[in-house]
Amino acid sequence: MMVKTIIANWKMNLPHGDVLGVDRYCQKFDAAQKAKMIIAPPFPFISMLQTRGFQVAGQDVSANSNGAFTGEVSAEMLAQVGAGYCIIGHSERRQYHHEGHGILTKKIIELLNHQVIPIFCVGEQKDDHLAKKTYDVLSAQLTALNGFKGRKIFIAYEPVWAIGTGENATTDTIKKIHHFLKTRLGKRVNILYGGSVNQTNAKDILSLKDVDGLLVGAASLKAEDMIKILSCLH
Ligand code: PGA
């Protein structure tokens with residue numbers, strides 16, 4: 001059986017709002033809990049969390065290798081500070097930075113070249129969900145992975161209408177969509193679910209056979225909630 005993975009996506013937030021709060025957050029986890037989770041903090045905090053014994057991930061990466069790209073962070077740099085994973089194609093990047101197929105393919109190449117595992121996010125908007133176009137949207141997003149068959153890439157299925165809304169997809173919907181993704185990509189590809197996951201719904205979602213883990217946003221900023229979510233792994 002695949003080991004299920006829990007990823008904390010802090011976005012542009014810190015627990016308790018500042019560096020002291022991050023420190024307090026870190027102290028609440030023991031080594032066994034740290035081993036079961038991966039934190040994707042804002043870039044400046046990757047090293048701090050790594051030295052506190054957490055596995056770390058980037059929230060994004062440059063599509064370029066190096067050079068005059070002010071504000072960007074390369075895959076090589078992420079690897080150098082110990083990030084084993086990097087989220088790409090999050091719906092917030094797709095929406096606010098107009099990221100699509102071409103740039104995401106380049107980011108995957110950069111990450112794989114530096115042994116950083118991409119966590120490739122897919123998900124449909126509310127309108128698509130209501131119009132029953134979810135499978136079409138996901139199929140179109142998955143074309144960015146065409147050249148990478150057999151490479152280690154995680155997928156995060158995050159219905160956009162469920163992100164930060166408190167309205168998570170039903171277990172029945174998650175089951176169907178994860179089954180579709182496994183059929184498309186292969187049984188051995190890790191498929192995570194994200195979108196309003198919290199300490200109350202995590203257990204039911206994690207119990208689904210084709211759910212290989214969770215991508216947790218808001219709830220991951222509270223150590224107590226995160227610890228409850230981790231306890232659902234048993
Ligand atoms: P949420 O965010 O858990 O706050 O809905 C999830 C995500 O965007 O990764």
# chains A, B, ... in the order shown; residues from 1 in each chain; ligands from 1
$ residues_around --residues "segment 225-232 of chain A" --least-positions-apart "2" --cutoff "12 Å" --atoms "only C-alpha atoms" --output "PyMOL selection string"
chain A and resi 4-10+15+25-26+28-30+32-39+197-207+213-223+234
$ residues_around --residues "Gln115 of chain A" --least-positions-apart "2" --cutoff "8 Å" --atoms "only C-alpha atoms" --output "PyMOL selection string"
chain A and resi 79+84+111-113+117
$ closest_residue --among "A:Asn168, A:Asn64, A:Gln50, A:Ser74" --to "ligand 1" --atoms "only C-alpha atoms and all ligand atoms"
A:Asn168
$ closest_residue --among "A:Gly67, A:Gly150, A:Gly102, A:Gly89" --to "ligand 1" --atoms "only C-alpha atoms and all ligand atoms"
A:Gly89
$ closest_residue --among "A:Pro42, A:Gly195, A:Gly100, A:Gly147" --to "ligand 1" --atoms "only C-alpha atoms and all ligand atoms"
A:Gly195
$ residues_around --residues "Val189 of chain A" --least-positions-apart "5" --cutoff "12 Å" --atoms "only C-alpha atoms" --output "ChimeraX atom specification"
/A:2-4,117-120,145,148-156,178-179,181-184,210-213
$ write_last_selection --atoms "N, CA, C and O atoms" --output "mmCIF file, in the first residue's frame"
data_model
loop_
_atom_site.group_PDB
_atom_site.id
_atom_site.type_symbol
_atom_site.label_atom_id
_atom_site.label_comp_id
_atom_site.auth_asym_id
_atom_site.auth_seq_id
_atom_site.Cartn_x
_atom_site.Cartn_y
_atom_site.Cartn_z
ATOM 1 N N MET A 2 0.407 2.268 -0.730
ATOM 2 C CA MET A 2 1.160 3.515 -0.799
ATOM 3 C C MET A 2 1.110 4.272 0.536
ATOM 4 O O MET A 2 0.063 4.303 1.184
ATOM 5 N N VAL A 3 2.211 4.874 0.922
ATOM 6 C CA VAL A 3 2.209 5.715 2.136
ATOM 7 C C VAL A 3 1.471 7.004 1.779
ATOM 8 O O VAL A 3 1.746 7.617 0.755
ATOM 9 N N LYS A 4 0.505 7.388 2.605
ATOM 10 C CA LYS A 4 -0.255 8.609 2.290
ATOM 11 C C LYS A 4 0.526 9.837 2.772
ATOM 12 O O LYS A 4 1.206 9.793 3.800
ATOM 13 N N ILE A 117 10.387 16.648 -6.597
ATOM 14 C CA ILE A 117 9.154 16.027 -7.111
ATOM 15 C C ILE A 117 8.067 17.095 -7.309
ATOM 16 O O ILE A 117 7.690 17.781 -6.353
ATOM 17 N N PRO A 118 7.574 17.255 -8.542
ATOM 18 C CA PRO A 118 6.498 18.224 -8.759
ATOM 19 C C PRO A 118 5.180 17.725 -8.167
ATOM 20 O O PRO A 118 4.862 16.535 -8.270
ATOM 21 N N ILE A 119 4.454 18.632 -7.545
ATOM 22 C CA ILE A 119 3.079 18.336 -7.108
ATOM 23 C C ILE A 119 2.207 19.170 -8.031
ATOM 24 O O ILE A 119 2.080 20.385 -7.870
ATOM 25 N N PHE A 120 1.666 18.512 -9.045
ATOM 26 C CA PHE A 120 0.975 19.209 -10.130
ATOM 27 C C PHE A 120 -0.515 19.311 -9.792
ATOM 28 O O PHE A 120 -1.184 18.293 -9.635
ATOM 29 N N LEU A 145 1.309 16.892 -18.847
ATOM 30 C CA LEU A 145 2.124 15.778 -18.336
ATOM 31 C C LEU A 145 2.485 14.766 -19.417
ATOM 32 O O LEU A 145 3.160 13.774 -19.145
ATOM 33 N N PHE A 148 5.923 13.102 -19.781
ATOM 34 C CA PHE A 148 6.592 12.696 -18.540
ATOM 35 C C PHE A 148 6.133 11.344 -18.002
ATOM 36 O O PHE A 148 6.213 11.088 -16.806
ATOM 37 N N LYS A 149 5.684 10.503 -18.885
ATOM 38 C CA LYS A 149 5.192 9.183 -18.456
ATOM 39 C C LYS A 149 6.288 8.431 -17.690
ATOM 40 O O LYS A 149 7.451 8.430 -18.108
ATOM 41 N N GLY A 150 5.926 7.850 -16.573
ATOM 42 C CA GLY A 150 6.888 7.052 -15.802
ATOM 43 C C GLY A 150 7.746 7.881 -14.853
ATOM 44 O O GLY A 150 8.465 7.320 -14.032
ATOM 45 N N ARG A 151 7.690 9.220 -14.941
ATOM 46 C CA ARG A 151 8.470 10.062 -14.032
ATOM 47 C C ARG A 151 7.694 10.258 -12.735
ATOM 48 O O ARG A 151 6.463 10.206 -12.727
ATOM 49 N N LYS A 152 8.421 10.510 -11.649
ATOM 50 C CA LYS A 152 7.734 10.661 -10.359
ATOM 51 C C LYS A 152 7.142 12.068 -10.229
ATOM 52 O O LYS A 152 7.861 13.042 -10.013
ATOM 53 N N ILE A 153 5.837 12.137 -10.403
ATOM 54 C CA ILE A 153 5.117 13.407 -10.277
ATOM 55 C C ILE A 153 3.876 13.135 -9.438
ATOM 56 O O ILE A 153 3.168 12.158 -9.678
ATOM 57 N N PHE A 154 3.631 13.960 -8.420
ATOM 58 C CA PHE A 154 2.389 13.843 -7.645
ATOM 59 C C PHE A 154 1.336 14.719 -8.305
ATOM 60 O O PHE A 154 1.662 15.756 -8.891
ATOM 61 N N ILE A 155 0.085 14.306 -8.167
ATOM 62 C CA ILE A 155 -1.038 15.120 -8.651
ATOM 63 C C ILE A 155 -1.848 15.545 -7.440
ATOM 64 O O ILE A 155 -2.041 14.747 -6.515
ATOM 65 N N ALA A 156 -2.287 16.808 -7.430
ATOM 66 C CA ALA A 156 -3.238 17.234 -6.391
ATOM 67 C C ALA A 156 -4.519 17.627 -7.096
ATOM 68 O O ALA A 156 -4.517 18.560 -7.909
ATOM 69 N N HIS A 178 -10.811 10.661 -8.466
ATOM 70 C CA HIS A 178 -9.504 10.020 -8.247
ATOM 71 C C HIS A 178 -9.400 8.729 -9.053
ATOM 72 O O HIS A 178 -8.330 8.403 -9.572
ATOM 73 N N HIS A 179 -10.509 8.029 -9.177
ATOM 74 C CA HIS A 179 -10.500 6.806 -9.980
ATOM 75 C C HIS A 179 -10.200 7.159 -11.444
ATOM 76 O O HIS A 179 -9.372 6.519 -12.106
ATOM 77 N N LEU A 181 -8.552 9.774 -12.493
ATOM 78 C CA LEU A 181 -7.148 10.199 -12.611
ATOM 79 C C LEU A 181 -6.198 8.997 -12.579
ATOM 80 O O LEU A 181 -5.222 8.938 -13.332
ATOM 81 N N LYS A 182 -6.503 8.026 -11.725
ATOM 82 C CA LYS A 182 -5.659 6.815 -11.658
ATOM 83 C C LYS A 182 -5.734 6.044 -12.970
ATOM 84 O O LYS A 182 -4.734 5.497 -13.433
ATOM 85 N N THR A 183 -6.926 6.009 -13.549
ATOM 86 C CA THR A 183 -7.090 5.280 -14.805
ATOM 87 C C THR A 183 -6.277 5.973 -15.902
ATOM 88 O O THR A 183 -5.619 5.317 -16.710
ATOM 89 N N ARG A 184 -6.301 7.296 -15.905
ATOM 90 C CA ARG A 184 -5.558 8.071 -16.891
ATOM 91 C C ARG A 184 -4.037 7.962 -16.722
ATOM 92 O O ARG A 184 -3.283 7.837 -17.683
ATOM 93 N N ASP A 210 -8.323 5.440 -3.498
ATOM 94 C CA ASP A 210 -7.514 6.143 -4.501
ATOM 95 C C ASP A 210 -7.029 7.524 -4.058
ATOM 96 O O ASP A 210 -6.496 8.284 -4.858
ATOM 97 N N VAL A 211 -7.213 7.839 -2.787
ATOM 98 C CA VAL A 211 -6.682 9.107 -2.257
ATOM 99 C C VAL A 211 -5.360 8.798 -1.552
ATOM 100 O O VAL A 211 -5.324 8.093 -0.552
ATOM 101 N N ASP A 212 -4.269 9.309 -2.103
ATOM 102 C CA ASP A 212 -2.942 8.987 -1.570
ATOM 103 C C ASP A 212 -2.417 10.058 -0.627
ATOM 104 O O ASP A 212 -1.243 10.029 -0.248
ATOM 105 N N GLY A 213 -3.261 11.023 -0.287
ATOM 106 C CA GLY A 213 -2.831 12.052 0.644
ATOM 107 C C GLY A 213 -3.666 13.302 0.477
ATOM 108 O O GLY A 213 -4.642 13.331 -0.279
#
$ residues_around --residues "Arg94 of chain A" --least-positions-apart "3" --cutoff "12 Å" --atoms "only C-alpha atoms" --output "tab-separated table (two decimals) with C-alpha atoms, in the first residue's frame"
chain	number	residue	atom	x	y	z
A	60	ASP	CA	6.16	27.47	-6.98
A	88	ILE	CA	3.06	23.85	-9.39
A	89	GLY	CA	-0.04	24.88	-11.29
A	90	HIS	CA	-1.98	25.76	-8.15
A	91	SER	CA	-5.27	27.39	-9.15
A	97	HIS	CA	-0.35	34.64	-12.99
A	98	HIS	CA	-2.07	33.11	-16.01
A	99	GLU	CA	-0.01	29.95	-15.82
A	100	GLY	CA	-0.94	27.26	-18.30
A	101	HIS	CA	0.35	24.33	-20.24
A	102	GLY	CA	3.57	25.82	-21.71
A	103	ILE	CA	5.05	27.32	-18.58
A	104	LEU	CA	4.02	24.37	-16.42
A	120	PHE	CA	0.97	19.21	-10.13
A	121	CYS	CA	-2.40	20.75	-9.24
A	122	VAL	CA	-5.50	20.25	-11.34
A	123	GLY	CA	-9.11	21.22	-10.72
A	124	GLU	CA	-12.22	22.65	-12.26
A	125	GLN	CA	-13.99	25.97	-11.63
A	141	GLN	CA	-4.90	20.19	-17.76
A	160	VAL	CA	-11.33	25.39	-7.38
$ select_by_dssp --residues "segment 59-113 of chain A" --states "alpha helix (DSSP H)" --output "list in words"
Ala75, Glu76, Met77, Leu78, Ala79, Gln80, Ser91, Glu92, Arg93, Arg94, Gln95, Tyr96, His101, Gly102, Ile103, Leu104, Thr105, Lys106, Lys107, Ile108, Ile109, Glu110, Leu111, Leu112 and Asn113 of chain A
$ decode --residues "segment 178-198 of chain A" --atoms "N, CA and C atoms" --output "short mmCIF file (atom, residue, chain, number, x, y, z; two decimals), in the first residue's frame"
data_model
loop_
_atom_site.label_atom_id
_atom_site.label_comp_id
_atom_site.auth_asym_id
_atom_site.auth_seq_id
_atom_site.Cartn_x
_atom_site.Cartn_y
_atom_site.Cartn_z
N HIS A 178 -10.81 10.66 -8.47
CA HIS A 178 -9.50 10.02 -8.25
C HIS A 178 -9.40 8.73 -9.05
N HIS A 179 -10.51 8.03 -9.18
CA HIS A 179 -10.50 6.81 -9.98
C HIS A 179 -10.20 7.16 -11.44
N PHE A 180 -10.84 8.22 -11.93
CA PHE A 180 -10.60 8.70 -13.30
C PHE A 180 -9.11 9.06 -13.48
N LEU A 181 -8.55 9.77 -12.49
CA LEU A 181 -7.15 10.20 -12.61
C LEU A 181 -6.20 9.00 -12.58
N LYS A 182 -6.50 8.03 -11.73
CA LYS A 182 -5.66 6.81 -11.66
C LYS A 182 -5.73 6.04 -12.97
N THR A 183 -6.93 6.01 -13.55
CA THR A 183 -7.09 5.28 -14.80
C THR A 183 -6.28 5.97 -15.90
N ARG A 184 -6.30 7.30 -15.90
CA ARG A 184 -5.56 8.07 -16.89
C ARG A 184 -4.04 7.96 -16.72
N LEU A 185 -3.60 8.06 -15.46
CA LEU A 185 -2.17 8.26 -15.21
C LEU A 185 -1.44 7.02 -14.72
N GLY A 186 -2.19 6.04 -14.28
CA GLY A 186 -1.55 4.82 -13.77
C GLY A 186 -1.74 4.72 -12.27
N LYS A 187 -1.91 3.49 -11.80
CA LYS A 187 -2.20 3.22 -10.38
C LYS A 187 -1.10 3.72 -9.45
N ARG A 188 0.14 3.78 -9.97
CA ARG A 188 1.25 4.11 -9.07
C ARG A 188 1.49 5.60 -8.91
N VAL A 189 0.71 6.41 -9.62
CA VAL A 189 0.87 7.87 -9.48
C VAL A 189 0.12 8.32 -8.21
N ASN A 190 0.80 9.06 -7.36
CA ASN A 190 0.16 9.55 -6.12
C ASN A 190 -0.81 10.67 -6.44
N ILE A 191 -2.06 10.47 -6.04
CA ILE A 191 -3.07 11.50 -6.27
C ILE A 191 -3.57 12.02 -4.91
N LEU A 192 -3.32 13.29 -4.65
CA LEU A 192 -3.74 13.90 -3.39
C LEU A 192 -5.05 14.67 -3.61
N TYR A 193 -5.80 14.86 -2.54
CA TYR A 193 -6.99 15.71 -2.64
C TYR A 193 -6.75 16.98 -1.84
N GLY A 194 -7.22 18.11 -2.35
CA GLY A 194 -7.17 19.38 -1.62
C GLY A 194 -8.41 20.19 -1.85
N GLY A 195 -8.72 21.05 -0.90
CA GLY A 195 -9.91 21.92 -1.00
C GLY A 195 -10.73 21.79 0.26
N SER A 196 -10.53 22.75 1.19
CA SER A 196 -11.28 22.78 2.46
C SER A 196 -11.15 21.50 3.28
N VAL A 197 -9.97 20.90 3.25
CA VAL A 197 -9.72 19.75 4.13
C VAL A 197 -9.50 20.29 5.54
N ASN A 198 -10.09 19.62 6.52
CA ASN A 198 -9.88 20.04 7.91
C ASN A 198 -9.86 18.80 8.81
#
